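S.K.: This is work26.cif, which holds mmCIF, C-alpha atoms:
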```cif
data_entry
loop_
_atom_site.label_atom_id
_atom_site.label_comp_id
_atom_site.auth_asym_id
_atom_site.auth_seq_id
_atom_site.Cartn_x
_atom_site.Cartn_y
_atom_site.Cartn_z
CA MET C 21 71.52 99.71 104.43
CA LEU C 22 72.61 96.77 102.31
CA THR C 23 72.24 93.22 103.57
CA PRO C 24 75.38 92.25 105.50
CA ARG C 25 77.44 89.49 103.87
CA PRO C 26 79.63 88.12 106.69
CA GLU C 27 81.00 85.33 104.47
CA VAL C 28 82.32 87.95 102.05
CA MET C 29 83.93 89.91 104.88
CA ASP C 30 85.47 86.70 106.19
CA PHE C 31 86.90 86.03 102.73
CA LEU C 32 88.32 89.57 102.46
CA LEU C 33 89.83 89.43 105.94
CA THR C 34 91.52 86.09 105.28
CA ARG C 35 92.34 86.25 101.55
CA ARG C 36 95.92 85.46 100.58
CA SER C 37 97.48 85.58 97.14
CA ARG C 38 99.25 82.41 96.08
CA PRO C 39 102.85 82.76 94.86
CA GLY C 40 102.82 82.49 91.07
CA LYS C 41 105.64 79.93 91.07
CA THR C 42 103.44 77.54 93.10
CA LEU C 43 100.53 77.59 90.62
CA VAL C 44 100.12 74.76 88.12
CA ALA C 45 97.53 73.39 85.70
CA PRO C 46 94.66 72.97 85.66
CA CYS C 47 93.64 76.57 85.36
CA PRO C 48 90.32 78.22 84.51
CA ASP C 49 89.03 77.31 81.07
CA ARG C 50 87.66 80.05 78.81
CA GLU C 51 84.15 79.81 80.20
CA ALA C 52 85.32 80.03 83.82
CA LEU C 53 87.82 82.76 82.96
CA THR C 54 85.11 84.83 81.28
CA VAL C 55 83.15 84.79 84.55
CA LEU C 56 86.28 85.89 86.46
CA LEU C 57 86.96 88.68 83.97
CA THR C 58 83.35 89.81 84.19
CA ALA C 59 83.64 90.03 87.98
CA ALA C 60 86.99 91.85 87.71
CA ALA C 61 85.48 94.45 85.39
CA ARG C 62 82.98 95.51 88.08
CA VAL C 63 85.23 98.22 89.47
CA PRO C 64 84.94 101.96 89.98
CA ASP C 65 85.22 103.50 86.53
CA HIS C 66 84.27 107.15 86.65
CA GLY C 67 83.16 108.35 83.25
CA LYS C 68 82.52 104.74 82.15
CA LEU C 69 85.74 104.89 80.16
CA GLU C 70 86.80 101.27 80.68
CA PRO C 71 90.46 102.39 80.75
CA TRP C 72 91.74 98.82 80.77
CA ARG C 73 91.54 95.64 78.78
CA PHE C 74 92.66 92.01 79.03
CA VAL C 75 95.28 89.99 77.15
CA VAL C 76 94.98 86.29 78.00
CA LEU C 77 98.21 84.30 77.65
CA GLU C 78 97.94 80.54 77.42
CA GLY C 79 99.67 77.60 75.80
CA ALA C 80 102.41 78.44 73.31
CA ALA C 81 101.92 82.17 73.89
CA LEU C 82 103.43 81.79 77.37
CA ALA C 83 106.62 80.26 75.95
CA ARG C 84 106.82 82.98 73.28
CA VAL C 85 106.37 85.76 75.87
CA ALA C 86 108.91 84.07 78.17
CA ALA C 87 111.48 84.14 75.35
CA SER C 88 110.75 87.82 74.73
CA ALA C 89 111.06 88.51 78.46
CA ALA C 90 114.45 86.78 78.60
CA ALA C 91 115.76 88.62 75.56
CA ARG C 92 114.55 91.99 76.77
CA THR C 93 115.80 91.68 80.36
CA GLU C 94 119.16 90.49 79.05
CA ALA C 95 119.30 93.53 76.74
CA MET C 96 118.45 95.74 79.74
CA GLY C 97 121.54 94.41 81.51
CA PHE C 98 119.84 92.29 84.16
CA ALA C 99 121.91 89.66 85.97
CA PRO C 100 121.54 86.16 84.47
CA GLU C 101 119.58 84.86 87.48
CA ARG C 102 117.10 87.75 87.18
CA VAL C 103 116.74 87.11 83.44
CA ALA C 104 115.93 83.46 84.16
CA LYS C 105 113.50 84.35 86.97
CA THR C 106 111.66 86.87 84.80
CA ALA C 107 111.35 84.39 81.91
CA MET C 108 110.18 81.67 84.29
CA MET C 109 107.37 83.92 85.50
CA PHE C 110 105.82 83.40 82.06
CA SER C 111 107.11 79.96 81.05
CA SER C 112 106.02 78.16 84.22
CA ALA C 113 102.60 79.79 84.52
CA PRO C 114 99.54 77.77 83.53
CA LEU C 115 97.66 80.95 82.51
CA ILE C 116 98.35 84.68 82.72
CA VAL C 117 95.97 87.56 82.21
CA ALA C 118 97.75 90.80 81.41
CA VAL C 119 95.54 93.61 82.67
CA VAL C 120 96.39 96.50 80.38
CA ALA C 121 95.98 100.02 81.72
CA ALA C 122 94.68 102.02 78.78
CA PRO C 123 94.09 105.60 79.92
CA ARG C 124 91.77 107.56 77.67
CA PRO C 125 92.33 111.23 76.87
CA THR C 126 89.59 113.17 78.63
CA GLU C 127 89.32 116.31 80.68
CA LYS C 128 86.71 114.79 83.00
CA VAL C 129 88.68 111.90 84.49
CA PRO C 130 92.37 112.35 85.39
CA GLU C 131 94.78 109.75 84.03
CA GLY C 132 95.82 108.75 87.53
CA GLU C 133 92.25 107.86 88.39
CA GLN C 134 92.01 105.71 85.28
CA VAL C 135 95.22 103.89 86.23
CA LEU C 136 93.81 103.26 89.71
CA SER C 137 90.75 101.73 88.05
CA ALA C 138 93.04 99.33 86.16
CA GLY C 139 94.70 98.43 89.47
CA ALA C 140 91.28 97.74 90.93
CA VAL C 141 90.65 95.36 88.02
CA CYS C 142 93.85 93.48 88.95
CA LEU C 143 92.75 93.04 92.55
CA GLY C 144 89.23 92.21 91.44
CA LEU C 145 90.54 89.43 89.20
CA VAL C 146 92.74 88.01 91.96
CA ASN C 147 89.85 88.09 94.44
CA ALA C 148 87.38 86.59 91.95
CA ALA C 149 89.81 83.75 91.23
CA LEU C 150 90.48 83.08 94.90
CA ALA C 151 86.76 83.18 95.69
CA SER C 152 86.21 80.62 92.92
CA GLY C 153 88.81 78.23 94.34
CA TRP C 154 91.72 79.07 92.02
CA GLY C 155 95.16 80.20 93.06
CA ALA C 156 96.03 83.69 91.87
CA ASN C 157 98.87 86.17 92.05
CA TRP C 158 99.30 89.75 90.79
CA LEU C 159 102.79 90.31 89.39
CA THR C 160 104.39 93.35 87.78
CA GLY C 161 108.08 94.16 87.43
CA PRO C 162 110.03 96.35 85.02
CA LEU C 163 108.61 94.68 81.92
CA ALA C 164 105.10 95.82 82.86
CA VAL C 165 106.06 99.31 81.75
CA ASP C 166 108.79 98.53 79.22
CA ALA C 167 107.58 99.75 75.82
CA PRO C 168 109.82 97.50 73.66
CA PHE C 169 108.81 94.34 75.55
CA LEU C 170 105.13 95.26 75.62
CA LYS C 171 105.08 95.95 71.87
CA GLU C 172 107.00 92.81 70.88
CA ALA C 173 105.44 90.35 73.31
CA LEU C 174 101.88 91.63 73.70
CA ASP C 175 101.32 94.19 70.90
CA ILE C 176 100.69 96.90 73.50
CA THR C 177 101.74 100.44 72.61
CA ALA C 178 102.24 103.52 74.78
CA PRO C 179 100.67 105.10 76.64
CA ASP C 180 99.17 101.73 77.56
CA PHE C 181 101.08 99.44 79.93
CA ALA C 182 100.53 96.30 82.00
CA ALA C 183 98.93 97.18 85.32
CA GLY C 184 99.56 93.58 86.23
CA PHE C 185 100.24 90.07 85.07
CA ILE C 186 97.69 87.91 86.92
CA VAL C 187 98.85 84.31 87.19
CA LEU C 188 95.98 81.83 87.60
CA GLY C 189 96.10 78.13 88.32
CA THR C 190 95.83 75.41 90.93
CA GLU C 191 97.58 75.85 94.24
CA THR C 192 100.26 73.26 95.02
CA THR C 193 101.29 74.57 98.44
CA PRO C 194 99.32 76.73 100.84
CA PRO C 195 101.21 79.97 101.36
CA PRO C 196 102.49 80.78 104.82
CA GLU C 197 100.80 83.63 106.61
CA ARG C 198 102.75 86.83 106.54
CA PRO C 199 102.76 89.90 108.77
CA ARG C 200 99.88 92.23 108.00
CA PRO C 201 99.82 96.02 108.22
CA ASP C 202 99.15 97.62 111.58
CA VAL C 203 95.99 99.46 110.57
CA ALA C 204 95.94 101.50 113.78
CA ALA C 205 99.45 102.82 113.04
CA LEU C 206 98.44 103.70 109.47
CA THR C 207 95.18 105.45 110.34
CA ARG C 208 94.56 109.03 111.38
CA TRP C 209 91.02 109.88 112.45
CA VAL C 210 89.83 113.41 111.67
CA ASP C 211 86.61 114.55 113.32
CA LEU C 212 86.99 118.34 113.22
#
```
Could the structure of this file be written out as structure tokens, please?
M.R.:
Amino acid sequence: MLTPRPEVMDFLLTRRSRPGKTLVAPCPDREALTVLLTAAARVPDHGKLEPWRFVVLEGAALARVAASAAARTEAMGFAPERVAKTAMMFSSAPLIVAVVAAPRPTEKVPEGEQVLSAGAVCLGLVNAALASGWGANWLTGPLAVDAPFLKEALDITAPDFAAGFIVLGTETTPPPERPRPDVAALTRWVDL
């Protein structure tokens, strides 16, 4: 049996993402972010395919991506307030890591399993950031899978897509607690 780590379990049982709109600078510098990315990459990855990669958005890149997001959501027919909200997700963020799901063609590991691995990277990055004292939030939305936006804004081409946009920064307001799942109602025990 492994050595119990009660402090880790306490962290996992009390962790809470921080709303992206409440995160401001400072944010992790490149050295600190590299440590967070290294931790995030320690996920189940059957076949050792590494079916994901990172695109770090900082500085002027965030404004450029925000403009692309506004133009694309407007072209998609979104309401003006949704266009503004989507653009603000990028323009107001101190730092965003796009976790790119990049499934590899292979007969050994189904594509769905590779996509789940990319999702695990997203949660791993959020948890690593929170454990390091940073605020973090995992965002997606329609642009995460929109080929024209991904190509123009991030130079990502299909079949790859954004498993998540992880916003990182300094928390300005502690988030309120929210209702949590009723694990007993979601669990079925099978012993035969």
S.K.: Determine the residue set returned by the PyMOL selection byres ((chain C and resi 147-154) around 6) for the present structure, and present it as a short mmCIF file (atom, residue, chain, number, x, y, z; two decimals) with C-alpha atoms, keeping the file's coordinate frame.
M.R.:
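Ended up saving to result.cif:
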```
data_model
loop_
_atom_site.label_atom_id
_atom_site.label_comp_id
_atom_site.auth_asym_id
_atom_site.auth_seq_id
_atom_site.Cartn_x
_atom_site.Cartn_y
_atom_site.Cartn_z
CA LEU C 56 86.28 85.89 86.46
CA GLY C 144 89.23 92.21 91.44
CA LEU C 145 90.54 89.43 89.20
CA VAL C 146 92.74 88.01 91.96
CA GLY C 155 95.16 80.20 93.06
CA GLY C 189 96.10 78.13 88.32
CA THR C 190 95.83 75.41 90.93
#
```
S.K.: Pick out the closest residue to Pro179 in chain C from this set: C:Lys105, C:Arg124, C:Arg35, C:Arg73. Count all atoms listed in the file.
M.R.: C:Arg124
S.K.: Using the chain letters and numbers from the file, give me the residues hit by the PyMOL selection byres ((chain C and resi 159-176) around 7), as a list in words.
M.R.: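 Answer for the PyMOL selection byres ((chain C and resi 159-176) around 7): Val85, Ser88, Ala89, Arg92, Asn157, Trp158, Thr177, Ala178, Asp180, Phe181, Ala182, Ala183, Gly184, Phe185 and Ile186 of chain C.
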S.K.: Please measure the separation of CA of Pro114 in chain C and CA of Ala60 in chain C, giving the value in Å to one decimal.
M.R.: 19.3 Å
S.K.: Rounded to one decimal place, report the CA of Lys41 in chain C-CA of Val187 in chain C distance in Å.
M.R.: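 Atom-to-atom, CA of Lys41 in chain C and CA of Val187 in chain C are spaced 9.0 Å apart.
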S.K.: Which residues come within 8 Å of Ala107 in chain C, counting all atoms listed in the file, excluding same-chain residues fewer than 3 positions away, as a ChimeraX atom specification?
M.R.: /C:85-90,103-104,110-111
S.K.: Let me make sure I understand: among C:Ala121, C:Val76, C:Leu82, C:Ala140, which one has the smallest atom-to-atom distance to Pro48 in chain C if we use all atoms listed in the file?
M.R.: C:Val76
S.K.: Compare C:Gly97, C:Ser137, C:Glu131, C:Leu188 by their minimum atom-to-atom distance to Leu53 in chain C, counting all atoms listed in the file, and give me the closest one.
M.R.: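 Looking at the shortest contact to Leu53 in chain C, the residue is C:Leu188.
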